[in-house]
file my_file39.txt (compact mmCIF, C-alpha atoms and all ligand atoms)
# COMPACT_ATOMS: atom_id res chain seq x y z
CA MET A 587 0.00 0.00 0.00
CA PHE A 588 1.26 3.49 -0.86
CA VAL A 589 1.79 5.61 2.23
CA GLN A 590 2.17 9.33 1.69
CA GLN A 591 5.37 10.66 3.28
CA ALA A 592 4.69 13.55 5.64
CA ILE A 593 6.34 16.87 6.40
CA ALA A 594 7.46 16.75 10.04
CA ILE A 595 7.08 20.06 11.88
CA LEU A 596 8.35 20.68 15.40
CA ASP A 597 8.26 23.42 18.00
CA SER A 598 8.57 23.86 21.77
CA GLY A 599 4.75 24.00 21.89
CA VAL A 600 1.89 25.51 19.90
CA GLY A 601 3.99 28.16 18.11
CA GLY A 602 4.80 25.95 15.13
CA LEU A 603 1.07 25.71 14.42
CA THR A 604 1.41 29.16 12.83
CA VAL A 605 3.74 27.54 10.27
CA ALA A 606 1.61 24.38 9.99
CA LYS A 607 -1.45 26.48 9.19
CA GLU A 608 0.34 28.23 6.35
CA VAL A 609 1.64 24.90 4.99
CA MET A 610 -1.95 23.58 5.05
CA ARG A 611 -3.10 26.66 3.15
CA GLN A 612 -0.33 26.72 0.54
CA LEU A 613 0.09 22.95 0.17
CA PRO A 614 -3.28 21.37 1.00
CA ARG A 615 -2.25 17.94 -0.29
CA GLU A 616 0.67 17.58 2.09
CA LYS A 617 0.36 15.46 5.20
CA ILE A 618 1.80 17.00 8.37
CA ILE A 619 3.17 15.31 11.46
CA TYR A 620 3.46 17.92 14.19
CA PHE A 621 5.31 17.70 17.49
CA GLY A 622 4.92 20.32 20.25
CA ASP A 623 7.25 19.83 23.22
CA THR A 624 4.76 21.40 25.63
CA ALA A 625 6.22 19.54 28.64
CA ARG A 626 9.52 21.40 28.26
CA SER A 627 8.32 24.72 26.85
CA PRO A 628 9.47 27.48 26.90
CA TYR A 629 12.78 26.92 25.12
CA GLY A 630 13.62 30.64 25.12
CA PRO A 631 15.39 30.81 28.49
CA ARG A 632 17.29 27.52 28.00
CA SER A 633 20.92 27.19 26.88
CA PRO A 634 21.69 26.46 23.20
CA GLU A 635 23.12 23.08 24.27
CA GLU A 636 19.89 22.06 25.99
CA VAL A 637 17.73 23.29 23.10
CA THR A 638 19.95 21.33 20.69
CA LEU A 639 19.54 18.19 22.79
CA PHE A 640 15.75 18.55 22.92
CA THR A 641 15.55 19.22 19.19
CA GLU A 642 17.66 16.16 18.49
CA GLN A 643 15.39 14.01 20.68
CA ILE A 644 12.28 15.22 18.85
CA VAL A 645 13.90 14.64 15.46
CA ASP A 646 14.79 11.07 16.57
CA TYR A 647 11.14 10.57 17.51
CA LEU A 648 9.79 12.00 14.25
CA ILE A 649 12.23 10.13 12.01
CA GLN A 650 10.46 6.84 12.84
CA PHE A 651 7.51 8.09 10.72
CA ASN A 652 9.79 8.30 7.69
CA PRO A 653 9.05 11.98 6.87
CA LYS A 654 10.32 13.55 3.64
CA MET A 655 11.39 16.75 5.35
CA ILE A 656 11.92 18.24 8.83
CA VAL A 657 10.77 21.79 9.54
CA ILE A 658 12.15 23.33 12.72
CA ALA A 659 9.23 25.74 13.23
CA CYS A 660 10.87 27.31 16.27
CA ASN A 661 13.29 30.20 16.01
CA THR A 662 15.05 29.32 19.26
CA ALA A 663 15.69 25.76 18.05
CA THR A 664 16.62 27.00 14.56
CA ALA A 665 19.23 29.35 16.04
CA ALA A 666 20.65 26.64 18.30
CA ALA A 667 20.32 23.42 16.34
CA LEU A 668 19.60 23.84 12.61
CA GLU A 669 23.15 23.20 11.40
CA HIS A 670 23.55 20.24 13.78
CA ILE A 671 20.29 18.59 12.69
CA LYS A 672 21.12 19.15 9.01
CA LYS A 673 24.29 17.10 9.50
CA LYS A 674 22.44 14.42 11.43
CA VAL A 675 19.68 13.45 8.99
CA SER A 676 19.69 12.67 5.30
CA ILE A 677 16.40 14.44 4.44
CA PRO A 678 16.03 18.23 3.94
CA VAL A 679 15.82 20.30 7.14
CA ILE A 680 14.34 23.80 7.04
CA GLY A 681 14.43 26.43 9.78
CA VAL A 682 12.41 29.63 10.15
CA ILE A 683 15.07 32.34 10.55
CA HIS A 684 16.26 32.71 6.94
CA PRO A 685 12.70 32.72 5.57
CA GLY A 686 11.77 35.42 8.12
CA ALA A 687 14.83 37.51 7.24
CA ARG A 688 14.09 37.22 3.50
CA ALA A 689 10.47 38.27 4.01
CA ALA A 690 11.57 41.34 5.99
CA ILE A 691 14.19 42.37 3.44
CA SER A 692 11.62 42.25 0.68
CA ALA A 693 9.06 44.20 2.74
CA THR A 694 11.19 47.04 4.14
CA LYS A 695 11.24 50.38 2.34
CA THR A 696 13.46 52.28 4.76
CA GLY A 697 15.98 49.53 5.58
CA ARG A 698 15.15 49.80 9.28
CA ILE A 699 13.94 46.50 10.69
CA GLY A 700 12.98 45.46 14.22
CA VAL A 701 13.20 41.89 15.51
CA ILE A 702 11.50 40.47 18.58
CA GLY A 703 12.05 36.92 19.81
CA THR A 704 12.95 34.77 22.78
CA VAL A 705 16.07 35.43 24.85
CA GLY A 706 17.76 32.47 23.13
CA THR A 707 17.03 33.74 19.62
CA ILE A 708 17.94 37.36 20.31
CA ASN A 709 21.16 36.45 22.17
CA SER A 710 22.22 34.19 19.29
CA GLY A 711 22.28 37.18 16.93
CA ALA A 712 20.98 34.83 14.22
CA TYR A 713 18.56 37.38 12.72
CA ILE A 714 21.17 40.13 12.55
CA THR A 715 23.53 37.73 10.78
CA ALA A 716 20.83 36.53 8.37
CA LEU A 717 19.63 40.07 7.59
CA LYS A 718 23.14 41.50 7.12
CA GLU A 719 24.09 38.57 4.91
CA LEU A 720 21.30 39.61 2.57
CA ASN A 721 21.93 43.33 2.87
CA PRO A 722 24.82 44.70 5.01
CA ALA A 723 23.31 48.19 4.99
CA ILE A 724 20.20 47.13 6.91
CA ASP A 725 19.68 48.71 10.31
CA VAL A 726 18.44 46.19 12.90
CA GLU A 727 16.94 46.76 16.34
CA SER A 728 16.35 43.61 18.34
CA GLU A 729 14.69 42.88 21.63
CA ALA A 730 13.69 39.80 23.62
CA CYS A 731 10.09 39.42 24.77
CA PRO A 732 10.34 36.49 27.21
CA ASP A 733 6.75 36.82 28.48
CA PHE A 734 5.01 36.28 25.14
CA ALA A 735 5.43 32.53 24.47
CA PRO A 736 4.32 31.44 27.99
CA LEU A 737 1.17 33.58 27.60
CA VAL A 738 0.32 31.89 24.31
CA GLU A 739 0.95 28.42 25.76
CA LYS A 740 -1.65 29.25 28.44
CA GLY A 741 -4.14 30.08 25.70
CA GLN A 742 -4.10 33.77 26.65
CA PHE A 743 -3.65 35.64 23.42
CA GLU A 744 -6.79 37.67 23.07
CA THR A 745 -7.16 38.79 26.71
CA PRO A 746 -6.78 42.33 28.12
CA GLU A 747 -3.95 40.97 30.33
CA ALA A 748 -2.09 39.75 27.25
CA HIS A 749 -2.54 43.16 25.64
CA LEU A 750 -1.03 44.84 28.70
CA VAL A 751 1.99 42.53 28.62
CA VAL A 752 2.50 43.25 24.92
CA GLU A 753 2.15 46.99 25.47
CA HIS A 754 4.65 46.97 28.31
CA SER A 755 7.20 44.76 26.49
CA LEU A 756 7.21 46.82 23.28
CA GLN A 757 7.66 50.26 24.86
CA GLU A 758 11.28 50.52 23.75
CA MET A 759 10.86 48.94 20.32
CA LYS A 760 8.12 51.45 19.65
CA GLN A 761 10.60 54.32 19.96
CA HIS A 762 12.70 53.09 17.01
CA PRO A 763 11.88 54.38 13.50
CA ILE A 764 11.43 50.89 11.99
CA ASP A 765 9.02 50.10 9.16
CA CYS A 766 8.99 46.31 9.64
CA LEU A 767 8.94 44.17 12.76
CA ILE A 768 9.94 40.51 12.46
CA LEU A 769 7.92 38.26 14.75
CA GLY A 770 11.03 36.18 15.46
CA CYS A 771 9.19 33.55 17.47
CA THR A 772 6.53 31.33 15.97
CA HIS A 773 4.30 31.91 18.99
CA TYR A 774 4.00 35.64 18.28
CA PRO A 775 1.48 35.58 15.41
CA PHE A 776 -1.04 34.51 18.07
CA LEU A 777 -0.52 37.98 19.60
CA LYS A 778 -0.53 39.76 16.25
CA ARG A 779 -3.57 41.91 16.95
CA SER A 780 -2.09 43.38 20.14
CA ILE A 781 1.39 43.75 18.64
CA GLN A 782 -0.04 45.63 15.64
CA ALA A 783 -2.15 47.86 17.88
CA VAL A 784 0.88 48.78 19.99
CA MET A 785 3.31 49.30 17.08
CA GLY A 786 0.80 51.26 15.01
CA PRO A 787 -0.38 50.83 11.40
CA LYS A 788 2.85 52.08 9.79
CA VAL A 789 4.87 49.10 11.01
CA LYS A 790 4.46 45.95 8.93
CA LEU A 791 4.54 42.74 10.96
CA ILE A 792 6.57 39.94 9.38
CA SER A 793 5.90 36.34 10.30
CA SER A 794 8.17 33.69 8.83
CA ALA A 795 5.25 31.29 8.27
CA ASP A 796 4.40 32.33 4.66
CA GLU A 797 7.98 32.37 3.47
CA THR A 798 8.79 29.09 5.24
CA ALA A 799 5.84 27.40 3.53
CA ARG A 800 7.09 28.78 0.20
CA GLU A 801 10.56 27.38 0.87
CA ILE A 802 9.05 23.97 1.74
CA SER A 803 7.15 24.07 -1.52
CA THR A 804 10.28 25.02 -3.54
CA VAL A 805 12.44 22.28 -1.99
CA LEU A 806 9.78 19.59 -2.47
CA TYR A 807 9.20 20.73 -6.07
CA GLN A 808 12.92 20.62 -6.85
CA LYS A 809 13.15 17.12 -5.41
CA GLY A 810 10.03 15.97 -7.25
CA GLN A 811 8.46 15.17 -3.88
CA LEU A 812 5.31 17.27 -3.86
CA ALA A 813 2.27 15.21 -2.84
CA ARG A 814 0.04 14.13 -5.69
CA GLY A 815 -3.43 12.69 -5.87
CA ASN A 816 -6.73 13.93 -4.53
CA GLU A 817 -6.76 12.34 -1.12
CA ILE A 818 -7.29 14.70 1.79
CA PRO A 819 -4.34 14.18 4.12
CA ILE A 820 -4.93 13.22 7.74
CA HIS A 821 -2.50 15.20 9.85
CA GLN A 822 -1.06 13.87 13.08
CA PHE A 823 -0.31 15.96 16.14
CA PHE A 824 1.80 14.98 19.12
CA CYS A 825 2.56 16.88 22.28
CA SER A 826 4.63 15.98 25.29
CA GLY A 827 2.63 17.91 27.92
CA ASP A 828 -0.91 19.12 28.67
CA SER A 829 -2.89 17.76 25.73
CA GLU A 830 -6.13 19.51 26.70
CA MET A 831 -4.67 22.99 26.34
CA PHE A 832 -2.77 22.03 23.17
CA ASN A 833 -5.96 20.67 21.67
CA LYS A 834 -7.94 23.76 22.55
CA ILE A 835 -5.39 26.15 21.05
CA ALA A 836 -4.87 24.01 17.94
CA HIS A 837 -8.60 23.82 17.35
CA GLN A 838 -8.96 27.57 17.78
CA TRP A 839 -6.00 28.40 15.53
CA LEU A 840 -6.48 25.85 12.78
CA GLY A 841 -10.26 26.12 12.82
CA GLU A 842 -10.69 22.39 12.68
CA GLN A 843 -10.83 19.46 15.04
CA ILE A 844 -7.44 17.80 15.22
CA GLU A 845 -6.44 14.28 15.94
CA LEU A 846 -4.00 14.53 18.84
CA THR A 847 -1.88 11.82 20.38
CA PRO A 848 -0.34 12.96 23.64
CA ILE A 849 2.91 11.09 24.11
CA VAL A 850 4.61 10.05 27.28
CA TRP A 851 8.05 11.45 26.71
CA GLN A 852 10.69 8.82 27.33
CA VAL A 853 13.53 11.15 28.21
CA SER A 854 14.30 13.27 31.23
CA THR A 855 12.37 16.51 31.59
CA PRO A 856 14.59 19.04 33.34
CA SER A 857 12.67 21.84 35.03
N1 LIG B 901 8.16 29.17 19.26
C1 LIG B 901 9.51 29.23 19.66
C2 LIG B 901 10.33 30.19 18.83
O1 LIG B 901 9.99 30.43 17.69
C3 LIG B 901 9.93 29.18 21.09
C4 LIG B 901 9.14 29.76 22.20
C5 LIG B 901 9.69 29.24 23.50
O2 LIG B 901 9.53 28.03 23.73
O3 LIG B 901 10.31 29.99 24.26
O4 LIG B 901 11.35 30.65 19.24
call {"tool": "encode", "arguments": {"input": "my_file39.txt", "output": "structure tokens"}}
result
Amino acid sequence: MFVQQAIAILDSGVGGLTVAKEVMRQLPREKIIYFGDTARSPYGPRSPEEVTLFTEQIVDYLIQFNPKMIVIACNTATAAALEHIKKKVSIPVIGVIHPGARAAISATKTGRIGVIGTVGTINSGAYITALKELNPAIDVESEACPDFAPLVEKGQFETPEAHLVVEHSLQEMKQHPIDCLILGCTHYPFLKRSIQAVMGPKVKLISSADETAREISTVLYQKGQLARGNEIPIHQFFCSGDSEMFNKIAHQWLGEQIELTPIVWQVSTPS
């Protein structure tokens, strides 16, 4: 029997669903296997070594499903582990930082770009490197927003409390004359409405989801691996922690009931 090979997407939690949603929209024939490491989220405050270890463990788990591609839909894990994972597996591995940087470069008119992300992503300097590689003249302001991802994981992205946190965290970024702000964490599109309200209508918000889905499509096309046929794919979702909250958020974000298999994670879960 022919079994369609899936695209494996991973994140520390629900953030990668922002990428999964865009993949579903752009490539509706593709089957997705999603893993959210909700038991060990957030990754932002963890060391690059620990994030690399966790990413490697998830990739080992996902590889058993024989995916055709791995998408690290987490900026923190992309910054820490992309190059390592690329060397480890023989299938294509895509991260979210270069797609996000490319999208911002094509959107900016003034060459002044802001980046917000987790402490891990901002401290890695990965966005500055990616942006300057594309255009050395670009002016970049970056800032960590460590409170955002935990809010989203709790399902609080449309609440007045969440809006206050966003308002408080972006006070400094708001002072910079940027015309684009990269949402350098896949959790942040959940807070898009508040972020846009605080930054004002002149600042364009850039999420890496669209561009990442485009890159997935390009790589699969080049390899002749795009899904064919008219079958509607049945996606699979796994999470290592609270499945009730994951389910609720996924349902809300994707607008459809999902089939979720909570897994009992076999490895240690440091606090
Ligand atoms: N969604 C992740 C990112 O893009 C990480 C959030 C976290 O776990 O701190 O960086």
call {"tool": "residues_near_ligand", "arguments": {"input": "my_file39.txt", "ligand": "ligand LIG 901 (chain B)", "cutoff": "10 Å", "atoms": "only C-alpha atoms and all ligand atoms", "output": "number ranges by chain"}}
result
A: 596-604, 622-624, 626-632, 637, 658-665, 681-683, 702-708, 731-736, 738-739, 769-774, 794
call {"tool": "residues_around", "arguments": {"input": "my_file39.txt", "residues": "Val789 in chain A", "least_positions_apart": "5", "cutoff": "10 Å", "atoms": "all atoms listed in the file", "output": "list of chain:residue names"}}
result
A:Thr694, A:Ile699, A:Gly700, A:Lys760, A:Pro763, A:Ile764, A:Asp765, A:Cys766, A:Leu767, A:Ile781, A:Gln782, A:Ala783, A:Val784
call {"tool": "residues_around", "arguments": {"input": "my_file39.txt", "residues": "Glu797 in chain A", "least_positions_apart": "5", "cutoff": "8 Å", "atoms": "only C-alpha atoms", "output": "PDB file with C-alpha atoms, in the frame of the given file"}}
result
ATOM      1  CA  PRO A 685      12.700  32.720   5.570  1.00  0.00           C
ATOM      2  CA  GLY A 686      11.770  35.420   8.120  1.00  0.00           C
ATOM      3  CA  ARG A 688      14.090  37.220   3.500  1.00  0.00           C
ATOM      4  CA  ALA A 689      10.470  38.270   4.010  1.00  0.00           C
TER       5      ALA A 689
END
call {"tool": "atom_distance", "arguments": {"input": "my_file39.txt", "atom1": "CA of Gln822 in chain A", "atom2": "CA of Ile618 in chain A"}}
result
6.3 Å
call {"tool": "closest_atom_pairs", "arguments": {"input": "my_file39.txt", "of": "range 594-691 of chain A", "to": "range 805-817 of chain A", "cutoff": "10 Å", "atoms": "all atoms listed in the file", "output": "Markdown table"}}
result
| residue | atom | partner | partner_atom | distance |
| --- | --- | --- | --- | --- |
| A:Leu613 | CA | A:Ala813 | CA | 8.6 |
| A:Pro614 | CA | A:Ala813 | CA | 9.1 |
| A:Arg615 | CA | A:Ala813 | CA | 5.9 |
| A:Glu616 | CA | A:Ala813 | CA | 5.7 |
| A:Lys617 | CA | A:Ala813 | CA | 8.3 |
| A:Lys654 | CA | A:Gln811 | CA | 7.9 |
| A:Met655 | CA | A:Leu806 | CA | 8.5 |
| A:Pro678 | CA | A:Val805 | CA | 8.0 |
| A:Val679 | CA | A:Val805 | CA | 9.9 |
| A:Ile680 | CA | A:Val805 | CA | 9.4 |
